[in-house]
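**Student:** Structure file protein07.cif (mmCIF, C-alpha atoms) is given on the next line.
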```cif
data_data
#
loop_
_atom_site.label_atom_id
_atom_site.label_comp_id
_atom_site.auth_asym_id
_atom_site.auth_seq_id
_atom_site.Cartn_x
_atom_site.Cartn_y
_atom_site.Cartn_z
CA MET A 1 77.02 24.42 16.22
CA THR A 2 76.85 22.06 19.19
CA LEU A 3 79.61 22.02 21.80
CA LYS A 4 80.78 18.59 20.67
CA ALA A 5 80.94 19.72 17.03
CA GLN A 6 82.93 22.79 18.10
CA LEU A 7 85.37 20.56 19.98
CA LYS A 8 85.86 18.26 17.00
CA LYS A 9 86.49 21.25 14.75
CA LEU A 10 88.98 22.64 17.27
CA ILE A 11 90.88 19.35 17.45
CA VAL A 12 91.10 18.96 13.67
CA GLU A 13 91.94 22.61 12.91
CA ASP A 14 94.11 23.67 15.82
CA LEU A 15 96.06 20.45 15.98
CA ASN A 16 96.53 20.43 12.16
CA LEU A 17 95.12 16.95 11.68
CA THR A 18 95.20 17.00 7.90
CA ASP A 19 93.86 13.52 7.23
CA ILE A 20 90.97 13.55 9.72
CA ARG A 21 87.63 15.35 9.39
CA PRO A 22 85.66 16.51 12.43
CA GLU A 23 82.90 14.03 11.61
CA ASP A 24 85.40 11.15 11.75
CA ILE A 25 85.77 11.64 15.51
CA GLY A 26 83.22 9.64 17.50
CA ASP A 27 81.96 11.18 20.73
CA ASP A 28 83.42 8.40 22.82
CA ASP A 29 86.55 7.60 20.79
CA PRO A 30 89.79 7.76 22.79
CA LEU A 31 91.57 10.89 21.54
CA PHE A 32 95.07 9.86 22.55
CA GLY A 33 96.56 6.74 21.08
CA ASP A 34 96.64 5.02 17.70
CA LYS A 35 93.37 6.08 16.13
CA PHE A 36 93.94 9.83 15.74
CA GLY A 37 97.64 9.86 16.56
CA LEU A 38 97.41 12.54 19.26
CA ASP A 39 100.23 12.50 21.81
CA SER A 40 101.28 14.31 24.97
CA ILE A 41 102.67 17.19 22.90
CA ASP A 42 99.23 17.74 21.35
CA ALA A 43 97.76 17.70 24.85
CA VAL A 44 99.68 20.90 25.65
CA GLU A 45 97.96 22.70 22.76
CA LEU A 46 94.59 21.21 23.62
CA VAL A 47 94.77 22.38 27.25
CA PHE A 48 95.71 25.85 25.99
CA GLN A 49 92.87 25.97 23.44
CA LEU A 50 90.27 24.84 25.99
CA LYS A 51 91.28 27.76 28.14
CA ALA A 52 91.46 30.26 25.27
CA GLN A 53 88.24 29.26 23.53
CA PHE A 54 86.03 27.97 26.36
CA GLY A 55 87.55 29.65 29.40
CA VAL A 56 88.05 26.37 31.28
CA GLU A 57 91.35 25.69 32.95
CA ILE A 58 92.89 22.35 33.84
CA LYS A 59 95.60 22.51 36.47
CA ASN A 60 95.19 19.23 38.21
CA MET A 61 96.93 16.26 36.60
CA LYS A 62 94.42 13.77 37.89
CA GLU A 63 91.59 15.78 36.44
CA GLY A 64 93.38 16.46 33.17
CA ARG A 65 93.99 12.85 32.33
CA SER A 66 90.31 11.90 32.58
CA VAL A 67 89.03 15.14 31.00
CA LEU A 68 91.03 14.75 27.79
CA ARG A 69 89.93 11.15 27.25
CA SER A 70 87.21 11.78 24.66
CA ILE A 71 84.90 14.42 23.16
CA ASN A 72 82.24 13.32 25.66
CA SER A 73 84.51 13.78 28.66
CA ILE A 74 85.75 17.20 27.49
CA SER A 75 82.23 18.48 26.79
CA ALA A 76 80.98 17.17 30.17
CA PHE A 77 83.86 19.01 31.86
CA ILE A 78 83.11 22.29 30.06
CA GLU A 79 79.40 22.07 30.83
CA LYS A 80 80.09 21.30 34.47
CA ARG A 81 82.39 24.32 34.75
CA ARG A 82 79.89 26.55 32.98
CA GLY A 83 77.14 25.40 35.31
CA ALA A 84 79.30 25.83 38.40
CA MET W 1 87.49 -12.22 49.00
CA GLU W 2 87.80 -8.46 49.02
CA ILE W 3 89.30 -6.13 51.61
CA ALA W 4 87.32 -2.91 52.18
CA PHE W 5 89.77 -0.59 50.47
CA THR W 6 89.04 2.90 49.17
CA HIS W 7 90.45 3.51 45.73
CA HIS W 8 91.31 7.04 44.63
CA GLN W 9 92.62 7.82 41.18
CA SER W 10 95.80 9.86 41.21
CA ALA W 11 98.23 11.52 38.88
CA HIS W 12 101.12 9.17 39.67
CA CYS W 13 101.41 5.59 40.71
CA GLU W 14 104.00 6.03 43.44
CA THR W 15 102.38 8.98 45.24
CA GLY W 16 98.90 7.58 44.59
CA VAL W 17 99.62 4.09 45.97
CA LEU W 18 101.21 5.49 49.10
CA SER W 19 98.39 7.98 49.67
CA ASN W 20 95.80 5.18 49.26
CA LEU W 21 97.67 2.71 51.50
CA LEU W 22 98.25 5.24 54.28
CA SER W 23 94.62 6.35 54.14
CA HIS W 24 93.56 2.70 54.48
CA HIS W 25 95.56 2.53 57.69
CA GLY W 26 93.87 5.64 59.06
CA LEU W 27 96.44 8.23 58.04
CA ASN W 28 94.64 10.49 55.63
CA ILE W 29 97.15 12.15 53.38
CA SER W 30 96.70 13.69 49.94
CA GLU W 31 98.78 12.88 46.90
CA SER W 32 100.30 16.37 46.87
CA MET W 33 101.27 16.06 50.54
CA VAL W 34 103.02 12.76 49.73
CA PHE W 35 104.80 14.50 46.84
CA GLY W 36 105.91 17.39 49.08
CA ILE W 37 107.05 15.38 52.11
CA GLY W 38 108.80 12.99 49.74
CA ALA W 39 110.59 15.96 48.12
CA GLY W 40 109.47 14.86 44.67
CA LEU W 41 110.07 18.16 42.88
CA PHE W 42 113.25 18.27 40.85
CA PHE W 43 114.94 19.47 37.75
CA GLY W 44 117.72 17.72 35.91
CA TYR W 45 118.97 17.97 32.37
CA PHE W 46 121.27 15.10 31.46
CA PRO W 47 122.84 15.56 28.04
CA PHE W 48 124.94 12.42 28.56
CA ILE W 49 122.02 10.13 29.46
CA ARG W 50 120.17 9.21 26.32
CA LEU W 51 116.56 8.15 26.04
CA ASN W 52 115.58 7.25 22.47
CA ASN W 53 118.97 8.71 21.54
CA LEU W 54 118.01 12.17 22.89
CA PRO W 55 119.11 13.94 26.07
CA LEU W 56 117.04 13.18 29.16
CA THR W 57 115.23 15.82 31.21
CA ALA W 58 113.59 15.09 34.56
CA PHE W 59 111.07 17.17 36.47
CA ARG W 60 110.62 14.83 39.43
CA ILE W 61 112.98 12.61 41.37
CA ARG W 62 113.51 9.01 40.36
CA THR W 63 110.77 6.48 41.04
CA GLY W 64 111.01 4.90 44.49
CA GLY W 65 112.59 7.87 46.24
CA ILE W 66 109.38 9.55 47.29
CA MET W 67 108.00 6.46 49.01
CA ASN W 68 111.14 5.83 51.03
CA ARG W 69 111.31 9.40 52.27
CA VAL W 70 107.66 9.67 53.22
CA VAL W 71 107.57 6.50 55.31
CA LYS W 72 110.81 7.48 57.04
CA ARG W 73 109.69 11.05 57.74
CA LEU W 74 106.27 10.08 59.08
CA GLY W 75 107.57 7.14 61.12
CA VAL W 76 105.57 4.58 59.16
CA THR W 77 106.90 1.04 58.81
CA LEU W 78 106.64 -0.38 55.34
CA THR W 79 107.69 -4.00 55.04
CA TRP W 80 109.22 -5.06 51.74
CA GLU W 81 109.58 -8.58 50.37
CA LYS W 82 111.10 -9.85 47.15
CA PHE W 83 111.18 -13.32 45.66
CA ARG W 84 113.19 -15.49 43.34
CA LYS W 85 110.37 -17.85 42.45
CA PRO W 86 107.16 -16.40 40.99
CA GLU W 87 105.03 -19.11 42.68
CA ASN W 88 106.39 -18.10 46.10
CA GLY W 89 105.74 -14.44 45.37
CA MET W 90 102.12 -15.11 44.45
CA ALA W 91 101.59 -17.39 47.47
CA ALA W 92 102.95 -14.68 49.78
CA LEU W 93 100.57 -12.16 48.22
CA ASP W 94 97.62 -14.52 48.77
CA ARG W 95 98.61 -15.02 52.41
CA LYS W 96 98.65 -11.28 53.09
CA LEU W 97 95.28 -10.85 51.39
CA THR W 98 93.85 -13.64 53.57
CA GLU W 99 95.12 -11.73 56.59
CA GLY W 100 93.14 -8.72 55.35
CA VAL W 101 96.20 -6.66 54.42
CA PRO W 102 96.21 -4.68 51.14
CA VAL W 103 99.53 -5.19 49.38
CA GLY W 104 101.48 -2.79 47.18
CA CYS W 105 103.27 -4.42 44.26
CA ARG W 106 105.88 -3.19 41.89
CA THR W 107 105.14 -4.39 38.38
CA GLY W 108 106.09 -4.25 34.73
CA ALA W 109 103.15 -2.28 33.31
CA TYR W 110 103.45 -3.96 29.91
CA TRP W 111 102.00 -7.23 31.25
CA LEU W 112 98.99 -5.76 33.01
CA SER W 113 96.19 -6.91 30.75
CA TYR W 114 93.70 -4.27 31.92
CA PHE W 115 95.81 -1.55 30.25
CA PRO W 116 94.50 -0.92 26.74
CA ARG W 117 97.05 -2.45 24.38
CA ARG W 118 98.12 0.87 22.85
CA TYR W 119 99.03 2.27 26.27
CA ARG W 120 101.21 -0.64 27.26
CA PHE W 121 104.89 0.06 27.49
CA HIS W 122 107.88 -1.56 29.15
CA PHE W 123 108.14 0.23 32.46
CA ASN W 124 109.17 -1.92 35.40
CA MET W 125 108.46 0.51 38.21
CA HIS W 126 104.68 0.71 38.06
CA ASN W 127 103.05 0.55 41.51
CA LEU W 128 99.59 -0.74 42.35
CA VAL W 129 97.68 -2.14 45.34
CA VAL W 130 96.12 -5.61 45.36
CA PHE W 131 93.18 -5.75 47.74
CA GLY W 132 91.16 -8.80 46.82
CA LYS W 133 90.80 -11.99 44.83
CA GLU W 134 87.81 -13.37 43.02
CA ASN W 135 88.28 -16.84 41.51
CA ASP W 136 91.43 -16.49 39.38
CA ASP W 137 91.29 -12.67 39.25
CA TYR W 138 93.00 -10.21 41.56
CA ILE W 139 91.17 -7.01 42.44
CA ILE W 140 93.53 -4.11 42.02
CA SER W 141 93.61 -0.43 42.88
CA ASP W 142 95.74 0.97 40.06
CA PRO W 143 96.03 4.69 40.78
CA VAL W 144 96.06 5.73 37.14
CA PHE W 145 92.62 4.15 36.58
CA PRO W 146 89.38 5.78 37.71
CA GLU W 147 87.93 2.54 39.18
CA PRO W 148 89.39 -0.68 40.62
CA VAL W 149 90.35 -3.22 37.97
CA HIS W 150 90.64 -6.99 37.70
CA CYS W 151 93.71 -8.87 36.55
CA PRO W 152 94.07 -12.63 35.99
CA HIS W 153 96.60 -14.50 38.17
CA GLY W 154 98.90 -15.35 35.25
CA ASP W 155 99.12 -11.75 34.02
CA LEU W 156 99.82 -10.30 37.45
CA MET W 157 102.51 -12.91 37.98
CA LYS W 158 104.16 -11.97 34.67
CA ALA W 159 103.95 -8.28 35.61
CA ARG W 160 105.47 -8.84 39.06
CA PHE W 161 108.29 -10.90 37.62
CA ALA W 162 108.84 -8.91 34.42
CA LYS W 163 112.35 -9.14 33.01
CA GLY W 164 114.52 -6.28 31.81
CA PRO W 165 115.99 -3.14 33.39
CA MET W 166 114.95 -2.54 37.01
CA SER W 167 113.00 -5.80 37.05
CA PRO W 168 110.62 -5.83 40.03
CA LYS W 169 111.56 -9.39 41.18
CA GLY W 170 108.15 -9.81 42.73
CA ARG W 171 108.70 -6.89 45.12
CA MET W 172 105.70 -6.30 47.34
CA TYR W 173 105.15 -4.10 50.37
CA TYR W 174 102.61 -3.48 53.06
CA ILE W 175 102.24 -1.19 56.02
CA THR W 176 102.93 -2.79 59.38
CA HIS W 177 102.94 0.27 61.61
CA VAL W 178 101.43 3.74 61.48
CA PRO W 179 102.14 6.13 64.36
CA SER W 180 99.04 7.44 66.09
CA GLU W 181 100.21 11.02 65.84
CA PRO W 182 102.82 11.43 63.11
CA ASP W 183 104.78 14.67 63.20
CA PHE W 184 103.53 16.27 59.99
CA LYS W 185 105.14 19.59 60.68
CA LYS W 186 108.62 18.11 60.99
CA ALA W 187 108.09 15.91 57.92
CA ILE W 188 106.90 18.87 55.83
CA LEU W 189 109.88 20.98 56.84
CA GLN W 190 112.29 18.14 56.04
CA GLY W 191 110.67 17.69 52.63
CA ILE W 192 110.82 21.40 51.83
CA LYS W 193 114.41 21.69 52.96
CA GLU W 194 115.51 18.83 50.76
CA VAL W 195 113.84 20.28 47.64
CA CYS W 196 115.37 23.71 48.28
CA HIS W 197 118.83 22.24 48.78
CA THR W 198 118.66 20.12 45.64
CA MET W 199 117.29 22.92 43.51
CA LEU W 200 119.73 25.57 44.80
CA LYS W 201 122.85 23.72 45.81
CA ALA W 202 123.17 20.46 43.89
CA PRO W 203 126.69 20.16 42.49
CA GLY W 204 127.49 20.48 38.78
CA PRO W 205 125.72 22.35 35.99
CA PHE W 206 122.94 19.86 35.23
CA LEU W 207 120.78 19.83 38.35
CA GLY W 208 118.31 22.20 39.94
CA VAL W 209 118.11 25.87 38.99
CA LYS W 210 121.55 25.64 37.36
CA GLY W 211 120.21 22.83 35.20
CA ILE W 212 117.30 25.02 34.05
CA ARG W 213 119.79 27.74 33.04
CA PHE W 214 121.92 25.15 31.29
CA LEU W 215 118.92 23.90 29.33
CA SER W 216 118.02 27.50 28.48
CA LYS W 217 121.40 27.93 26.78
CA ARG W 218 121.09 24.60 24.97
CA VAL W 219 117.61 25.41 23.65
CA GLU W 220 118.96 28.60 22.11
CA ILE W 221 121.76 26.85 20.25
CA TRP W 222 119.88 23.73 19.12
CA PRO W 223 118.59 25.24 15.86
CA LYS W 224 122.08 26.58 15.06
CA LYS W 225 123.85 23.34 15.88
CA MET W 226 121.53 20.82 14.29
CA ASP W 227 118.94 20.59 11.54
CA ALA W 228 115.34 21.60 12.22
CA LYS W 229 114.14 18.02 12.57
CA LYS W 230 116.72 16.99 15.15
CA ALA W 231 116.23 20.25 17.12
CA ALA W 232 112.48 19.60 17.23
CA LEU W 233 113.11 16.06 18.46
CA CYS W 234 115.27 17.34 21.33
CA LEU W 235 112.57 19.83 22.20
CA GLY W 236 109.82 17.21 22.00
CA GLN W 237 111.74 15.03 24.45
CA VAL W 238 111.81 17.83 27.05
CA ILE W 239 108.11 18.55 26.65
CA ARG W 240 107.16 14.90 26.86
CA MET W 241 108.80 14.74 30.29
CA GLN W 242 106.98 17.81 31.59
CA GLU W 243 103.60 16.99 30.12
CA GLU W 244 101.62 14.15 31.56
CA ILE W 245 98.51 14.19 29.42
CA GLY W 246 96.33 16.88 30.89
CA THR W 247 98.69 19.17 32.79
CA GLY W 248 99.44 21.42 29.86
CA GLY W 249 103.12 20.95 30.57
CA ALA W 250 103.63 22.38 34.03
CA GLY W 251 106.25 19.80 34.97
CA PHE W 252 104.94 18.99 38.47
CA ARG W 253 105.01 22.64 39.56
CA TYR W 254 101.23 22.69 40.16
CA ILE W 255 101.27 19.62 42.38
CA TYR W 256 104.02 21.25 44.45
CA ALA W 257 101.94 24.43 44.65
CA ALA W 258 99.05 22.32 45.99
CA PHE W 259 101.41 20.86 48.60
CA LEU W 260 102.55 24.33 49.69
CA GLN W 261 98.94 25.39 50.05
CA GLU W 262 98.16 22.42 52.29
CA ALA W 263 101.34 23.06 54.25
CA ALA W 264 100.27 26.69 54.76
CA VAL W 265 97.11 25.46 56.46
CA LEU W 266 98.81 22.81 58.59
CA LEU W 267 101.63 25.12 59.66
CA GLN W 268 99.34 28.14 59.90
CA ASP W 269 101.69 30.17 57.78
CA ASP W 270 100.25 32.61 55.24
CA PHE W 271 103.62 33.20 53.64
CA LEU W 272 103.57 29.59 52.40
CA ARG W 273 100.26 30.34 50.71
CA GLU W 274 101.91 33.25 48.94
CA LEU W 275 104.73 30.95 47.85
CA SER W 276 102.14 28.46 46.62
CA ASP W 277 100.67 31.19 44.39
CA ARG W 278 104.13 32.01 43.10
CA MET W 279 104.75 28.33 42.33
CA THR W 280 101.50 28.23 40.36
CA GLU W 281 102.71 31.21 38.33
CA ILE W 282 105.97 29.38 37.68
CA GLY W 283 103.90 26.39 36.51
CA ASP W 284 102.14 28.74 34.10
CA LEU W 285 105.52 29.81 32.71
CA TRP W 286 106.59 26.20 32.19
CA ARG W 287 103.29 25.69 30.46
CA GLU W 288 104.01 28.62 28.15
CA PHE W 289 107.40 27.08 27.36
CA ALA W 290 105.71 23.75 26.55
CA LEU W 291 103.10 25.42 24.37
CA ILE W 292 105.67 27.14 22.14
CA GLY W 293 107.69 23.92 22.05
CA SER W 294 104.70 21.84 21.06
CA ARG W 295 103.93 24.28 18.25
CA ILE W 296 107.51 24.12 16.97
CA CYS W 297 107.45 20.31 17.09
CA LYS W 298 104.16 20.13 15.25
CA ASN W 299 104.83 22.93 12.73
CA ARG W 300 102.10 25.14 14.13
CA THR W 301 104.25 28.15 14.96
CA GLY W 302 103.57 31.87 14.66
CA GLU W 303 106.29 34.54 14.34
CA SER W 304 107.03 34.95 18.04
CA GLU W 305 107.25 31.25 18.70
CA THR W 306 110.96 30.61 18.41
CA TYR W 307 113.81 28.84 20.19
CA PRO W 308 115.21 32.13 21.58
CA ALA W 309 111.74 32.94 22.99
CA MET W 310 111.70 29.56 24.73
CA SER W 311 115.19 30.09 26.04
CA ALA W 312 114.10 33.42 27.54
CA ILE W 313 111.15 31.78 29.31
CA LEU W 314 113.49 29.21 30.82
CA ARG W 315 115.77 31.95 32.15
CA ASP W 316 112.74 33.55 33.71
CA CYS W 317 111.68 30.20 35.23
CA ALA W 318 115.17 29.72 36.66
CA ASP W 319 115.23 33.22 38.20
CA LYS W 320 111.77 32.89 39.70
CA GLU W 321 112.37 29.36 41.01
CA ALA W 322 115.69 30.41 42.56
CA ARG W 323 114.02 33.28 44.43
CA LEU W 324 111.20 31.04 45.56
CA TYR W 325 113.49 28.35 47.00
CA GLN W 326 115.60 31.00 48.75
CA ASP W 327 112.50 32.54 50.32
CA LEU W 328 111.19 29.12 51.26
CA LEU W 329 114.46 28.11 52.86
CA GLU W 330 114.73 31.36 54.83
CA ARG W 331 111.19 30.88 56.05
CA ILE W 332 111.67 27.41 57.43
CA VAL W 333 115.13 27.57 59.01
#
```
Could I get this file's structure written as structure tokens?

**Tutor:**
Amino acid sequence: MTLKAQLKKLIVEDLNLTDIRPEDIGDDDPLFGDKFGLDSIDAVELVFQLKAQFGVEIKNMKEGRSVLRSINSISAFIEKRRGA
Amino acid sequence: MEIAFTHHQSAHCETGVLSNLLSHHGLNISESMVFGIGAGLFFGYFPFIRLNNLPLTAFRIRTGGIMNRVVKRLGVTLTWEKFRKPENGMAALDRKLTEGVPVGCRTGAYWLSYFPRRYRFHFNMHNLVVFGKENDDYIISDPVFPEPVHCPHGDLMKARFAKGPMSPKGRMYYITHVPSEPDFKKAILQGIKEVCHTMLKAPGPFLGVKGIRFLSKRVEIWPKKMDAKKAALCLGQVIRMQEEIGTGGAGFRYIYAAFLQEAAVLLQDDFLRELSDRMTEIGDLWREFALIGSRICKNRTGESETYPAMSAILRDCADKEARLYQDLLERIV
């Protein structure tokens, strides 16, 4: 499974999004806001899961805001960290 | 017309705008340093102040306070203007831009058309820097955006003269003096001292470390005192204040840790570095608290994720923060 597919599965399963399927999430769709209904409380879980499942940690607010924007931005962040 | 202005994205508008403006005037200062000198770190739990009908929790001081303290402590002169007539306010902005001066503006974020519609909310204390004009558009450094943005004249005017609570009344500000050698050491010590005093000695049960302990007791009794839905709403309100999307809920503790690390270098004091590490660990604890809370709010809990477990983490946070501020205070006096 590709990294992006893994991330979509994680978002749907770990955030209990019952009415959304992983394939409904576009790579560049904004994750937070009206479309998928994610909010700042979901962000807490997402930050935790990225650390637990991919070993990448976000501790800088400035970084966090842009990383969690979309599937593309999260996967770019993980790949950058893995390559570093 | 565009002033050569370097835009840096930041976590917060107030600290970001000030860091960008000072850097433009040759005083390079990071956002965390602004936060530390401005004594931005705070805790307050206000059961009697209601936001969306739920008690208010704050993890940083009120908007505006940081800026005032930083300019005072570094000996910078920031000139403020406010206006009754929108036309006059916009003309004054244009004049400053023509003089080559980037101008900070306080705005109502709801009217800023470059915000995606779903992110717009009525908040009248949003800061940004205007640094150019192209036809009818202003060129703006909005610290929460990764790149500079454009905003039409009419929208910026509405934002600067937004109505409602804390209306900005066209307030704008610009730097008129920056000392050649500001006393960073003194400013850092003043900032640290103020945070320690507030967190350890603020009067009443709701502020500082005492406030964290107070909240710890409340969290434990919420599920006994109210139904599950209402208790989860109270909890969600706390977490929303400590989580800015992407921090994982550390409630500004990481940014303060970054400040302490920078201070350790500037003051050549390794003990401050140790305290910075301890503050990061405290941030991790707050994050753990937020994680359990978010799971309770979203019905994703396991067996150990309960209100009493959260209450225990808060007690631990309070103990560790109290020790840290005491050590910090002893170190600097």

**Student:** Could you give me, as a VMD selection string, the residues that have an atom at most 10 Å away from the point (91.6, 22.8, 17.0) in the coordinates of the file, using all atoms listed in the file?

**Tutor:** chain A and resid 6 to 17 22 45 to 46 49 to 50 53

**Student:** When you count only C-alpha atoms, which of these residues is closest to chain W: A:Ile20, A:Leu38, A:Ile78, A:Met1?

**Tutor:**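 With only C-alpha atoms as the atom set, the closest residue is A:Leu38.
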
**Student:** For the structure shown, which residues end up in the PyMOL selection byres ((chain A) within 9 of (chain W))? Put them as number ranges by chain, please?

**Tutor:** A: 14-16, 32-34, 39-48, 58-68

**Student:** Run through the PyMOL selection byres ((chain W and resi 68) around 12) on the given coordinates and return the selected residues as a VMD selection string.

**Tutor:** chain W and resid 14 to 15 18 34 to 35 37 to 40 61 to 67 69 to 80 173 191

**Student:** Evaluate the PyMOL selection byres ((chain W and resi 262) around 10) here and jot the selected residues down as number ranges by chain.

**Tutor:** W: 30, 32-33, 36, 256-261, 263-268, 272-273, 276

**Student:** Save the residues we just selected, C-alpha atoms, as a PDB file, keeping the file's coordinate frame?

**Tutor:**
```pdb
ATOM      1  CA  SER W  30      96.700  13.690  49.940  1.00  0.00           C
ATOM      2  CA  SER W  32     100.300  16.370  46.870  1.00  0.00           C
ATOM      3  CA  MET W  33     101.270  16.060  50.540  1.00  0.00           C
ATOM      4  CA  GLY W  36     105.910  17.390  49.080  1.00  0.00           C
ATOM      5  CA  TYR W 256     104.020  21.250  44.450  1.00  0.00           C
ATOM      6  CA  ALA W 257     101.940  24.430  44.650  1.00  0.00           C
ATOM      7  CA  ALA W 258      99.050  22.320  45.990  1.00  0.00           C
ATOM      8  CA  PHE W 259     101.410  20.860  48.600  1.00  0.00           C
ATOM      9  CA  LEU W 260     102.550  24.330  49.690  1.00  0.00           C
ATOM     10  CA  GLN W 261      98.940  25.390  50.050  1.00  0.00           C
ATOM     11  CA  ALA W 263     101.340  23.060  54.250  1.00  0.00           C
ATOM     12  CA  ALA W 264     100.270  26.690  54.760  1.00  0.00           C
ATOM     13  CA  VAL W 265      97.110  25.460  56.460  1.00  0.00           C
ATOM     14  CA  LEU W 266      98.810  22.810  58.590  1.00  0.00           C
ATOM     15  CA  LEU W 267     101.630  25.120  59.660  1.00  0.00           C
ATOM     16  CA  GLN W 268      99.340  28.140  59.900  1.00  0.00           C
ATOM     17  CA  LEU W 272     103.570  29.590  52.400  1.00  0.00           C
ATOM     18  CA  ARG W 273     100.260  30.340  50.710  1.00  0.00           C
ATOM     19  CA  SER W 276     102.140  28.460  46.620  1.00  0.00           C
TER      20      SER W 276
END
```

**Student:** For Arg213 (chain W), please output as a ChimeraX atom specification all residues within 7 Å (counting all atoms listed in the file; exclusion window: fewer than 5 positions along the same chain).

**Tutor:** /W:314-315,318

**Student:** In Å, rounded to a single decimal, give me how far CA of Met226 (chain W) is from CA of Arg60 (chain W).

**Tutor:** 28.1 Å
